[in-house]
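Here's the structure we're looking at; comments come further down.
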Amino acid sequence: MASRKILLNGKRVAAEYQAIGSGDSETSEALLYWLRERFGQQGPRFGCGVSQCGACTVLLDDVPIRSCTRQLHTVDDNAEIRTLDGLSGKRPHPLQREFVELQAGQCAFCANGMIMGSLGWIEGRITAGNHEVPSEAEIEDFLSGATPNGQGNYICRCGTHTRIVAAIRSAAKEMVR
Amino acid sequence: MSVQTSRRQFLVGSGALAIGFTLAGPATSAAAAAAASNGLVRVEAVGAPANTTQSWLVLTKKGITVYSGKVELGTGVQTALAQMVVEELRLGVADVDWVQGDTLLSVSQGGTTGSKSIQNGGIQLQQAAATAFQELSHRAAAHFKVTPDQLVAQDGRFSLATRSGHSSGHTVTYKDLLKSGVTVLPLDQTVPLMAANKYVVVGTNVPRVDLPAKMDATFRFLHDVTVPGMLHGRVVRPTGRNSTQPVISNLDRAKAIEGFVDVVQHDRFIGVVATSEWAASVAASPKSGISVSWTTGPKMIAQADLPAAVRDPANHYRSVVEIDDGVAPILATADQVLNSQYFSPFHMHGGMGASTAVADVRRAPDPATGIQATIWSGTQNVTALAGAIAPLLGLAPAAVRVIYVEASGCYGHNGADDCAADAAVLSQAVGKPVRVQWTRQDEHAWEPLGGAQAHDMQGAVGPDGIIAWSHLNYAPTANSRPVDGTPGTLLAGTLMGKLPAPLPSSSVDSSGRNAPVTYDFPQRVEARLLKSFVTTGPTSAAPASPLTYLIPRTTALRSLGGFSNSFANESFFDELAHAGGHDPLELRIASLPDPRAVAVCEALRDVWRTRPPGGDGTGAGVAFHQYEVVNAYVATYAEVRVDPDTGKVTVTRVVVAHDCGLIVNPDGLRNQIEGNVVQGVGRTLKEEVFYTDDRVTSVAWQTSSFNPGPQYEVLRFNEVPAIETILINHTDKPPLGAGEPAIGTIGGAIGNAIFAAIGKRIRTLPFTPDRVKAALTG
Ligand code: FES
Ligand code: FES
């Protein structure tokens, strides 16, 4: 079996992964299953398995990706992966704190995608030199998959949308500082 | 699962409410706790057998454990129920351990359905807490050698009351009182509940107890449950709803996949089991594992034919006149009579997470408990699921234990129960615990749906208002929930040749929910019940064998018929109001006899008076209903903007006025109402199940190269309106459920707003750009 070593939430880890075929016809284990089954990560969740909901979002080298369709053989050795499980340090991350503060969850099954997606997006803006707090409309567009280079639509089926947007904006104010 | 609270704070005041979760094994059941503990108060069900393992509530010096038959479905009800229990115990605030939906440990409270957890379940738990509190107060009275009425209780302590009713300073803690003996007593209905004006926890914005752990990934959802030796299963469904005679090929290819364990087939039920989810998925895929060919079965009624077919008497098994106030003579002679037809399509729950379950079915029962099958499920009804699965596995009901674990929000009876049956059948076949997580395509194609409905409305209006009203309602009933003793109520059961339960004999609590209106004019309501499958005769409700579906399976989806009925009722009310020259909001106020109904409508007066004038592509509408005709009151105002070129409707603002009696947690209530609005706007503007005469074709969230054609689109973030809520609190009234009353008003309010904006009445949901464009140009 092939194996992969990555930096998971700052720690070096390695595990085998399953694959069949080779070359262009190779298919291999989804990063989502690999993270959950081999490393017990429970932040990224299976929502759709077809890159349409965002529930499985993790950061791969700081970019939000949909781990349900990302196959292991396409992830580089030494890639850096961040998950919700590793987000809080001594204290919750501002996003986590504001999601609780504004009660931005009903079932909160979607929360992983909302937090990790917006984390990568806001950090990406900051890295590119944009220290503006995103407007509500910008956040809504990002979560609707309407932003250029965005990662697609994020679904919340419970309808917690307005609170989620408010929580992200509130956290962003602190993050851009 | 271990306790998840970071801080234990038992029976001593001050601090926040926190709830621990106990996934108690039999060894830690209340009965065992009773044996182990040297002091407790335990409340069990009235008439429970002496050896019962089920409890309502257990207080020990270590903590309070609430055994709730009502479960947290992601709505925050656990927080609200805990507030009610803690309040009744006069604890101020406290941590409680929470065991929910476990057939072994919790008293059955029926399903967690119909927005009844607070309204019914909360009152039962309150009564259990009051029973325990009475026992504690008797102990305290004995301690002080006084009568209970000479005591005051607060923050987990009793003290002697002074003449002015205040604490004298002599106190005894609950903890100390609990040491003084073991008391097991039945829930006592006669213990008076605390007066609402004394509440200090109920009515406050206690933050959701579950959210912190959900935000840092330490919360254990059902999807995170693993048990030792657990395998992974995938189901392979028939291509079409009535397909038969599966032939499995490429078995060798599947067997060669590393981790492959087995292919299981019972008649039309087929599943693959492997050691990892990925291996199971590869082995179940026709591209890389087994392929299954099917013989096409009899055709269902195609979606395009549905509006006519639902009205065709040949497809009805029953017709029920629910109400008739003698409207025929009025309608026959009135000057101004309107007739309109409304329609809404099949909708799906579409939970954010795919249905999941873990089942551990053993070869022999556990000698201590007699349990042979343990199933972890997100079901709304552990008791009914255990009762339906037992005969499917050939086990006695007492040998099946179902443990509820929270999944993603369900909004009604989704695929949870069916998935549990899949896991159980696969586990029994391979003799190991099996986890099944449906694919999104499994979920969208096979979950039981909210039924399509058609409505023939007739009404008469005059200068004084509406004078007669008739609603003829055509719909399949909600008929797919698991039924004790009937394995054919589970999808796996039907695929294994079992028949579902007979169809319900009326539309009550089903497609007929909110078909009647609560206005004061005379009405007639008739329901024509549509056959979901071929039955044994023209008027028979019993399924014919072999089972042949006529339409996709239907079930309870948030507010059931209330969504479509209130869309039709409230749109038609608007039609009559305009025809009679009445202001739609004022006519509602004038037609509602109940002051609480009037009050929610009046709460919208200010926003209604300042609404956009309409006619220029923007407009506003209102709608009202009283959930289930007797429960919460909701009036909703919606503003829309209609793009004249594309027909796209944008809902820009929604204001909901809401009265659900006593409010337990205002912020939790607002969160629920906001969710109702968003989901309601989605169902009104976008959501629609697409299917042919053979299969559901909307199997994903959006169109892609893999799933061409329209898919099940739900509201996106940049389509969500601004939402305002106006809460009317009645501390002197019982709390009423709030999980689904508001959604029913949304379709009507938006339809009425579109009429105000463009002068066109659109009577079919969803209000897609194409449909609106057709109305604009038609
Ligand atoms: S689970 Fe990956 S996007 Fe939905
Ligand atoms: S809170 Fe349930 S899906 Fe977003």
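Chains: A, B, ... in order of the structure tokens. Residues: from 1 per chain. Ligands: from 1, in order shown.
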
What residues in chain B lie within 8 Å of chain A, counting only C-alpha atoms, written as a count of residues only?
47

If you run DSSP on the backbone, which residues of chain A are alpha helix (DSSP H), as number ranges by chain?
A: 31-33, 39, 94-101, 111-127, 136-143, 161-175

At a cut-off of 9 Å, using only C-alpha atoms, what residues contact Leu393 (chain B)? Leave out same-chain residues fewer than 6 positions from it and give the result as a PDB file with N, CA, C and O atoms, in the first residue's frame.
ATOM      1  N   VAL B 361     -25.255  -6.412  15.416  1.00  0.00           N
ATOM      2  CA  VAL B 361     -26.210  -7.510  15.582  1.00  0.00           C
ATOM      3  C   VAL B 361     -25.411  -8.769  15.866  1.00  0.00           C
ATOM      4  O   VAL B 361     -24.595  -9.199  15.045  1.00  0.00           O
ATOM      5  N   ALA B 373     -29.292  -7.010  19.363  1.00  0.00           N
ATOM      6  CA  ALA B 373     -28.963  -6.014  18.331  1.00  0.00           C
ATOM      7  C   ALA B 373     -28.936  -4.634  18.970  1.00  0.00           C
ATOM      8  O   ALA B 373     -29.892  -4.234  19.631  1.00  0.00           O
ATOM      9  N   ALA B 424     -28.434  -2.673  10.099  1.00  0.00           N
ATOM     10  CA  ALA B 424     -28.799  -3.861  10.882  1.00  0.00           C
ATOM     11  C   ALA B 424     -28.788  -5.116  10.019  1.00  0.00           C
ATOM     12  O   ALA B 424     -28.270  -6.165  10.428  1.00  0.00           O
ATOM     13  N   VAL B 425     -29.345  -5.006   8.839  1.00  0.00           N
ATOM     14  CA  VAL B 425     -29.403  -6.180   7.949  1.00  0.00           C
ATOM     15  C   VAL B 425     -27.978  -6.599   7.556  1.00  0.00           C
ATOM     16  O   VAL B 425     -27.638  -7.786   7.566  1.00  0.00           O
ATOM     17  N   GLN B 428     -26.157  -8.145  10.598  1.00  0.00           N
ATOM     18  CA  GLN B 428     -26.615  -9.508  10.873  1.00  0.00           C
ATOM     19  C   GLN B 428     -26.009 -10.488   9.863  1.00  0.00           C
ATOM     20  O   GLN B 428     -25.597 -11.597  10.218  1.00  0.00           O
ATOM     21  N   PRO B 487     -42.096  -4.446   9.531  1.00  0.00           N
ATOM     22  CA  PRO B 487     -40.774  -4.181   8.932  1.00  0.00           C
ATOM     23  C   PRO B 487     -40.853  -3.561   7.539  1.00  0.00           C
ATOM     24  O   PRO B 487     -39.890  -2.943   7.088  1.00  0.00           O
TER      25      PRO B 487
END

So that I can see what lies close to Glu322 (chain B), please list as a list in words the residues with an atom at most 10 Å from it, counting only C-alpha atoms and leaving out residues fewer than 3 positions away in the same chain.
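Once the nearby chain positions are removed, what remains is Ser319, Ser506, Ser507, Val508, Gly512, Ala515, Pro516, Arg524, Val525, Glu526 and Ala527 of chain B.
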
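All residues within region 11-177 of chain A that the backbone DSSP calculation assigns to strand (DSSP E or B) are A:Lys11, A:Arg12, A:Val13, A:Ala14, A:Ala15, A:Glu16, A:Tyr17, A:Ala19, A:Ile20, A:Thr27, A:Ser28, A:Ala30, A:Thr57, A:Val58, A:Leu59, A:Leu60, A:Val63, A:Pro64, A:Ile65, A:Arg66, A:Gln71, A:Glu80, A:Ile81, A:Arg82, A:Ser144, A:Asn153.
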
Nearby residues (only C-alpha atoms) at most 6 Å from Ala623 (chain B), same-chain spacing under 5 positions excluded, as a PyMOL selection string
chain B and resi 570+635-636+745+748-749

Go ahead and save the residues from that selection, with N, CA and C atoms, as a compact mmCIF listing (two decimals), in the first residue's frame.
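Wrote it out as selection.txt, contents follow:
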# COMPACT_ATOMS: atom_id res chain seq x y z
N GLU B 570 -53.51 30.93 2.24
CA GLU B 570 -53.15 32.34 2.44
C GLU B 570 -53.03 33.09 1.12
N ALA B 635 -47.74 35.29 12.09
CA ALA B 635 -48.06 36.18 10.97
C ALA B 635 -46.75 36.64 10.36
N THR B 636 -46.69 36.58 9.04
CA THR B 636 -45.42 36.86 8.35
C THR B 636 -45.62 37.90 7.25
N THR B 745 -46.16 29.82 6.78
CA THR B 745 -46.63 31.13 6.32
C THR B 745 -45.80 31.69 5.16
N GLY B 748 -47.17 31.63 1.21
CA GLY B 748 -48.26 32.57 0.98
C GLY B 748 -47.77 34.01 1.02
N ALA B 749 -46.93 34.34 2.01
CA ALA B 749 -46.46 35.73 2.12
C ALA B 749 -45.68 36.13 0.87

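Atom pair CA of Ala556 (chain B) / CA of Ala632 (chain B): separated by 18.7 Å.
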
Nearby residues (only C-alpha atoms) at most 9 Å from Ser505 (chain B), same-chain spacing under 5 positions excluded, as a PyMOL selection string:
chain B and resi 318+320+529+541
